[in-house]
file data_27.txt (compact mmCIF, C-alpha atoms)
# COMPACT_ATOMS: atom_id res chain seq x y z
CA MET A 73 5.40 0.24 -23.17
CA THR A 74 8.38 2.61 -22.92
CA PHE A 75 11.96 1.44 -22.88
CA ARG A 76 12.29 2.40 -19.25
CA SER A 77 9.19 0.51 -18.14
CA ARG A 78 10.52 -2.50 -20.07
CA ILE A 79 13.66 -2.41 -17.98
CA LEU A 80 11.64 -2.06 -14.78
CA ALA A 81 9.35 -4.87 -15.89
CA GLY A 82 12.39 -7.02 -16.61
CA VAL A 83 13.66 -6.30 -13.12
CA ALA A 84 10.30 -7.23 -11.65
CA THR A 85 10.29 -10.64 -13.32
CA ASP A 86 13.28 -11.78 -11.26
CA ASP A 87 12.64 -14.29 -8.51
CA ARG A 88 11.30 -13.25 -5.11
CA GLY A 89 14.74 -13.30 -3.52
CA SER A 90 16.03 -10.45 -5.61
CA ASP A 91 12.90 -8.38 -4.85
CA ASP A 92 13.94 -8.50 -1.21
CA ASP A 93 17.55 -7.78 -2.20
CA ARG A 94 16.48 -4.57 -3.89
CA VAL A 95 14.50 -3.44 -0.85
CA PHE A 96 17.33 -4.17 1.57
CA LYS A 97 19.81 -2.46 -0.74
CA ALA A 98 17.56 0.56 -1.10
CA LEU A 99 17.20 0.80 2.67
CA ALA A 100 20.95 0.44 3.26
CA ASP A 101 21.61 4.11 2.57
CA PRO A 102 20.95 7.02 4.95
CA THR A 103 19.91 9.45 2.19
CA ARG A 104 17.34 7.02 0.86
CA ARG A 105 15.99 6.32 4.34
CA PHE A 106 15.76 10.08 4.84
CA LEU A 107 13.79 10.41 1.59
CA LEU A 108 11.38 7.72 2.80
CA ASP A 109 11.01 9.54 6.12
CA LEU A 110 10.23 12.76 4.25
CA LEU A 111 7.50 11.00 2.26
CA PHE A 112 6.20 9.33 5.39
CA ALA A 113 5.81 12.75 7.02
CA ARG A 114 4.11 14.13 3.91
CA ASP A 115 3.38 12.00 0.91
CA GLY A 116 3.14 12.92 -2.77
CA ARG A 117 6.05 15.36 -3.17
CA THR A 118 7.80 16.61 -6.29
CA LEU A 119 11.51 16.19 -6.94
CA THR A 120 11.96 19.91 -6.34
CA GLU A 121 10.36 19.69 -2.89
CA LEU A 122 12.47 16.67 -1.92
CA GLU A 123 15.63 18.25 -3.26
CA SER A 124 15.07 21.34 -1.09
CA GLU A 125 15.41 19.15 2.04
CA LEU A 126 18.78 17.72 1.05
CA GLU A 127 22.29 19.06 0.61
CA MET A 128 22.64 17.31 -2.71
CA THR A 129 22.43 17.99 -6.43
CA ARG A 130 19.15 17.40 -8.24
CA PHE A 131 20.84 14.62 -10.17
CA GLY A 132 21.96 12.93 -6.94
CA VAL A 133 18.43 13.01 -5.52
CA MET A 134 17.08 11.61 -8.80
CA LYS A 135 19.51 8.72 -8.61
CA HIS A 136 18.43 7.86 -5.09
CA LEU A 137 14.76 8.12 -6.05
CA ARG A 138 15.36 5.76 -8.95
CA VAL A 139 16.81 3.12 -6.60
CA LEU A 140 13.77 3.54 -4.34
CA GLU A 141 11.43 3.26 -7.34
CA GLU A 142 13.15 0.11 -8.58
CA ALA A 143 12.74 -1.43 -5.13
CA GLY A 144 9.05 -0.49 -5.29
CA LEU A 145 9.35 1.71 -2.19
CA VAL A 146 8.48 4.87 -4.08
CA VAL A 147 5.76 5.05 -6.72
CA PRO A 148 5.70 8.09 -9.01
CA ARG A 149 2.32 9.38 -10.17
CA ARG A 150 1.59 12.14 -12.64
CA SER A 151 -0.64 14.94 -11.45
CA GLY A 152 -1.14 17.45 -14.25
CA ARG A 153 2.33 18.62 -15.23
CA GLU A 154 3.92 17.40 -12.03
CA LYS A 155 5.42 14.09 -11.08
CA LEU A 156 4.61 13.29 -7.46
CA HIS A 157 6.43 10.68 -5.40
CA PHE A 158 4.47 8.41 -3.09
CA LEU A 159 5.76 6.12 -0.39
CA ASN A 160 4.67 2.52 -1.02
CA PRO A 161 4.82 0.63 2.28
CA VAL A 162 3.91 -2.77 0.80
CA PRO A 163 7.49 -4.04 0.14
CA ILE A 164 8.39 -3.26 3.76
CA ARG A 165 5.29 -5.10 4.89
CA LEU A 166 6.34 -8.12 2.78
CA ILE A 167 9.79 -8.09 4.37
CA HIS A 168 8.17 -7.78 7.77
CA ASP A 169 5.93 -10.79 7.07
CA ARG A 170 8.81 -12.79 5.64
CA TRP A 171 11.51 -11.96 8.17
CA ILE A 172 9.91 -10.92 11.42
CA ASP A 173 8.70 -14.06 13.06
CA LYS A 174 5.14 -13.46 14.21
CA TYR A 175 5.74 -15.35 17.45
CA THR A 176 8.66 -13.20 18.54
CA GLU A 177 7.22 -9.96 17.27
CA ARG A 178 5.69 -9.03 20.60
CA GLN A 179 8.97 -9.57 22.42
CA ILE A 180 10.82 -7.49 19.86
CA ALA A 181 8.21 -4.75 20.18
CA ALA A 182 8.72 -4.79 23.95
CA LEU A 183 12.49 -4.42 23.50
CA VAL A 184 12.04 -1.61 20.99
CA ASP A 185 9.70 0.13 23.46
CA LEU A 186 12.26 -0.32 26.22
CA LYS A 187 15.02 1.11 24.03
CA THR A 188 12.85 4.12 23.10
CA GLU A 189 11.90 4.66 26.72
CA LEU A 190 15.49 4.49 27.96
CA GLU A 191 16.68 6.82 25.22
CA GLU A 192 13.90 9.31 25.97
CA LYS A 193 14.84 9.15 29.64
CA GLY A 194 18.49 9.64 28.69
CA LYS A 195 17.58 12.79 26.78
CA LYS A 196 15.64 14.24 29.70
CA ASP A 197 18.53 13.48 32.06
CA ASP A 198 20.99 15.40 29.86
CA MET B 232 6.73 26.91 -5.39
CA THR B 233 3.37 25.46 -4.41
CA GLU B 234 3.33 22.73 -1.83
CA ASN B 235 1.33 19.66 -2.64
CA ILE B 236 -0.74 18.62 0.31
CA THR B 237 -1.93 15.38 -1.13
CA THR B 238 -4.79 13.33 0.23
CA HIS B 239 -3.77 10.32 -1.85
CA GLN B 240 -2.18 7.15 -0.60
CA VAL B 241 -0.57 4.80 -3.11
CA TYR B 242 0.08 1.09 -2.65
CA ARG B 243 1.73 -1.19 -5.17
CA VAL B 244 2.48 -4.88 -5.22
CA TYR B 245 3.75 -7.29 -7.87
CA ILE B 246 1.88 -10.60 -7.90
CA LYS B 247 2.67 -13.72 -9.87
CA ALA B 248 -0.88 -14.16 -11.13
CA THR B 249 -2.96 -13.07 -14.10
CA PRO B 250 -4.87 -9.77 -14.01
CA GLU B 251 -8.06 -11.83 -14.35
CA ALA B 252 -7.28 -13.82 -11.18
CA ILE B 253 -6.54 -10.65 -9.23
CA TRP B 254 -9.67 -8.95 -10.57
CA GLU B 255 -11.73 -11.89 -9.36
CA ALA B 256 -10.02 -11.86 -5.97
CA ILE B 257 -10.90 -8.18 -5.55
CA THR B 258 -14.48 -8.24 -6.80
CA THR B 259 -16.03 -11.52 -5.61
CA PRO B 260 -17.08 -12.51 -2.08
CA GLU B 261 -15.79 -16.08 -2.55
CA TRP B 262 -12.29 -14.63 -2.77
CA SER B 263 -12.55 -11.56 -0.55
CA LYS B 264 -13.48 -13.82 2.40
CA LYS B 265 -10.12 -15.54 2.12
CA TYR B 266 -7.68 -12.70 2.73
CA GLY B 267 -7.26 -9.33 4.38
CA TYR B 268 -10.14 -8.54 6.71
CA GLN B 269 -11.92 -11.65 5.38
CA ALA B 270 -15.18 -9.84 4.75
CA PRO B 271 -17.42 -10.65 1.75
CA VAL B 272 -17.75 -7.88 -0.86
CA SER B 273 -20.55 -7.42 -3.34
CA TYR B 274 -20.13 -5.45 -6.54
CA ASP B 275 -22.58 -4.45 -9.23
CA LEU B 276 -19.85 -3.97 -11.81
CA ARG B 277 -21.19 -1.11 -13.95
CA PRO B 278 -20.94 2.65 -13.55
CA GLY B 279 -23.36 3.69 -10.81
CA GLY B 280 -23.59 0.10 -9.52
CA ALA B 281 -23.57 -0.54 -5.78
CA PHE B 282 -20.60 -1.72 -3.75
CA GLN B 283 -20.97 -3.19 -0.30
CA CYS B 284 -18.89 -5.15 2.11
CA GLU B 285 -20.52 -7.15 4.85
CA ALA B 286 -18.94 -7.55 8.25
CA SER B 287 -17.23 -10.89 8.76
CA GLU B 288 -18.52 -13.15 11.55
CA ALA B 289 -15.57 -12.11 13.71
CA MET B 290 -16.41 -8.43 13.20
CA LYS B 291 -20.09 -9.02 14.03
CA GLU B 292 -19.06 -10.65 17.30
CA HIS B 293 -17.30 -7.40 18.10
CA GLY B 294 -20.47 -5.44 17.40
CA ALA B 295 -19.77 -4.29 13.83
CA PRO B 296 -22.76 -3.18 11.72
CA ASP B 297 -24.01 -5.58 9.00
CA ASN B 298 -22.32 -3.57 6.27
CA ILE B 299 -18.92 -2.11 7.11
CA LEU B 300 -18.22 -0.55 3.71
CA ASP B 301 -20.37 0.90 0.99
CA GLY B 302 -19.92 2.91 -2.16
CA GLU B 303 -20.61 3.12 -5.84
CA VAL B 304 -18.79 1.85 -8.91
CA VAL B 305 -17.52 4.75 -11.03
CA GLU B 306 -15.52 3.12 -13.81
CA VAL B 307 -15.08 -0.53 -14.79
CA ASP B 308 -12.60 -1.89 -17.30
CA PRO B 309 -12.03 -5.56 -16.42
CA PRO B 310 -9.41 -6.74 -15.70
CA ARG B 311 -7.45 -3.48 -15.91
CA LYS B 312 -9.14 -0.74 -13.97
CA LEU B 313 -11.77 -0.27 -11.32
CA VAL B 314 -12.71 3.09 -9.86
CA GLN B 315 -15.21 3.31 -7.04
CA THR B 316 -16.28 5.36 -4.07
CA TRP B 317 -15.56 3.76 -0.74
CA ARG B 318 -16.91 4.63 2.68
CA ALA B 319 -15.91 3.10 6.00
CA VAL B 320 -19.38 3.22 7.58
CA TRP B 321 -18.27 3.04 11.22
CA THR B 322 -16.08 6.15 10.98
CA GLY B 323 -18.98 8.50 10.26
CA GLU B 324 -16.82 10.05 7.51
CA GLY B 325 -17.88 10.55 3.90
CA PHE B 326 -17.10 8.69 0.69
CA THR B 327 -13.50 8.36 -0.43
CA ARG B 328 -12.33 7.37 -3.91
CA LEU B 329 -10.48 4.16 -4.64
CA THR B 330 -8.77 3.18 -7.89
CA TYR B 331 -7.36 -0.24 -8.70
CA GLU B 332 -4.99 -0.48 -11.67
CA LEU B 333 -3.80 -3.85 -12.94
CA GLU B 334 -1.01 -4.04 -15.49
CA GLU B 335 0.29 -7.24 -16.98
CA GLU B 336 4.07 -7.56 -16.95
CA PRO B 337 6.28 -10.14 -18.69
CA GLY B 338 6.76 -13.45 -16.88
CA GLY B 339 3.19 -13.95 -15.70
CA ILE B 340 3.39 -11.07 -13.26
CA THR B 341 0.77 -8.42 -12.65
CA LYS B 342 1.51 -5.01 -11.20
CA LEU B 343 -1.35 -4.01 -8.95
CA THR B 344 -1.51 -0.35 -7.94
CA LEU B 345 -4.09 0.97 -5.54
CA ILE B 346 -4.69 4.70 -5.26
CA HIS B 347 -6.90 5.83 -2.42
CA ASP B 348 -7.99 9.47 -2.34
CA LEU B 349 -8.95 10.23 1.24
CA GLN B 350 -9.96 13.84 1.00
CA GLY B 351 -11.97 14.86 4.04
CA ALA B 352 -11.59 11.48 5.72
CA PRO B 353 -8.61 11.62 8.11
CA GLN B 354 -9.80 8.79 10.32
CA THR B 355 -10.37 6.52 7.34
CA ALA B 356 -6.89 7.52 6.12
CA ALA B 357 -5.30 6.46 9.42
CA GLN B 358 -7.25 3.22 9.37
CA ILE B 359 -6.25 2.14 5.87
CA ALA B 360 -2.63 3.15 6.50
CA GLY B 361 -2.64 0.70 9.42
CA GLU B 362 -1.93 3.45 11.94
CA LEU B 363 -4.71 2.64 14.39
CA GLU B 364 -3.90 0.33 17.27
CA GLY B 365 -5.79 -2.97 17.06
CA ALA B 366 -7.48 -2.12 13.75
CA GLY B 367 -5.33 -4.23 11.46
CA GLY B 368 -2.59 -3.37 9.02
CA GLY B 369 -4.66 -1.56 6.39
CA TRP B 370 -3.97 -1.86 2.67
CA SER B 371 -0.33 -2.99 3.13
CA GLN B 372 -1.48 -6.03 5.02
CA VAL B 373 -4.46 -6.72 2.76
CA LEU B 374 -2.32 -6.59 -0.40
CA SER B 375 0.45 -8.73 1.16
CA ASP B 376 -2.15 -11.30 2.11
CA LEU B 377 -3.69 -11.16 -1.38
CA LYS B 378 -0.24 -11.79 -2.88
CA THR B 379 0.43 -14.72 -0.55
CA LEU B 380 -2.99 -16.24 -1.25
CA LEU B 381 -2.72 -16.02 -5.03
CA GLU B 382 0.89 -17.23 -5.15
CA THR B 383 0.73 -20.05 -2.62
CA GLY B 384 -2.98 -20.94 -2.51
CA LYS B 385 -3.05 -20.20 1.20
CA PRO B 386 -3.58 -16.93 3.07
CA MET B 387 -0.93 -15.62 5.49
CA TYR B 388 -3.09 -15.99 8.55
CA SER B 389 -4.65 -19.42 8.60
call {"tool": "encode", "arguments": {"input": "data_27.txt", "output": "structure tokens"}}
result
Amino acid sequence: MTFRSRILAGVATDDRGSDDDRVFKALADPTRRFLLDLLFARDGRTLTELESELEMTRFGVMKHLRVLEEAGLVVPRRSGREKLHFLNPVPIRLIHDRWIDKYTERQIAALVDLKTELEEKGKKDD
Amino acid sequence: MTENITTHQVYRVYIKATPEAIWEAITTPEWSKKYGYQAPVSYDLRPGGAFQCEASEAMKEHGAPDNILDGEVVEVDPPRKLVQTWRAVWTGEGFTRLTYELEEEPGGITKLTLIHDLQGAPQTAAQIAGELEGAGGGWSQVLSDLKTLLETGKPMYS
């Protein structure tokens, strides 16, 4: 076990509450949400590919990726000489199950649909 | 720069359970009936051994075939690694490749990583990503349910 994985493992042994904290914290940043959107559009990218989509130093992108990795939202995998980054949707699913009440979900979905529809309409009217 | 067009999907969850308990939950019908799509699996756990998953009663009522999944075991290292082929029979697509990795972490926690290579199987890929309307939440939902079941003794949807 490497030193780094020890630290990550230590982080993972915290109670459930702080798992959620890390996910919320990771999501509370526009650059990190953008990185997740990039991986959602096309998964398994290298740091170099991700960096090319952002006006940011390589070091800055690495820092954001590390926060996402520690929250479990991004999982790095080696492929030959490259390190590829994969979006892991499970922590978001867990938050969904924990925080989105299944009985109100349909109503929320309807409101989200309405919002999307009105905004689309707004765009067309412009 | 070459662009990686990957056909892999990666899912990871931390579960407060032993690797042995998770291994059993993945590979035995007694457990697989309790979470996710609640369908009983059968594994012949040796390289070349058969893998099948029967339709649950609920699926059969909706006209599912007797076996919804089939495949072959490629590599077995209990309770750390299982590699298998995996075909969603109803899609008409070919075999995909599924890898389970279980790593024990301090504090009685196991890191479960699932890597699904979906080369040549776009419909299966959409299905297991939970992107198809009315077809369930895919691996995210299955693994969340597995976590809930092993940690609380009860599945999410009961």
call {"tool": "atom_distance", "arguments": {"input": "data_27.txt", "atom1": "atom CA of B:Trp254", "atom2": "atom CA of B:Pro309"}}
result
7.2 Å
call {"tool": "closest_residue", "arguments": {"input": "data_27.txt", "among": "A:Glu191, A:Arg94, A:Leu137, A:Leu111", "to": "B:Gln240", "atoms": "all atoms listed in the file"}}
result
A:Leu111
call {"tool": "atom_distance", "arguments": {"input": "data_27.txt", "atom1": "atom CA of A:Leu122", "atom2": "atom CA of A:Leu107"}}
result
7.3 Å
call {"tool": "closest_residue", "arguments": {"input": "data_27.txt", "among": "B:Leu329, B:Ile346, B:Val373, B:Ile253", "to": "B:Ala270", "atoms": "all atoms listed in the file"}}
result
B:Val373
call {"tool": "interface_residues", "arguments": {"input": "data_27.txt", "of": "chain B", "to": "chain A", "cutoff": "9 Å", "atoms": "all atoms listed in the file", "output": "ChimeraX atom specification"}}
result
/B:232,234-245,247,336-340,360,370-372,374-375,387
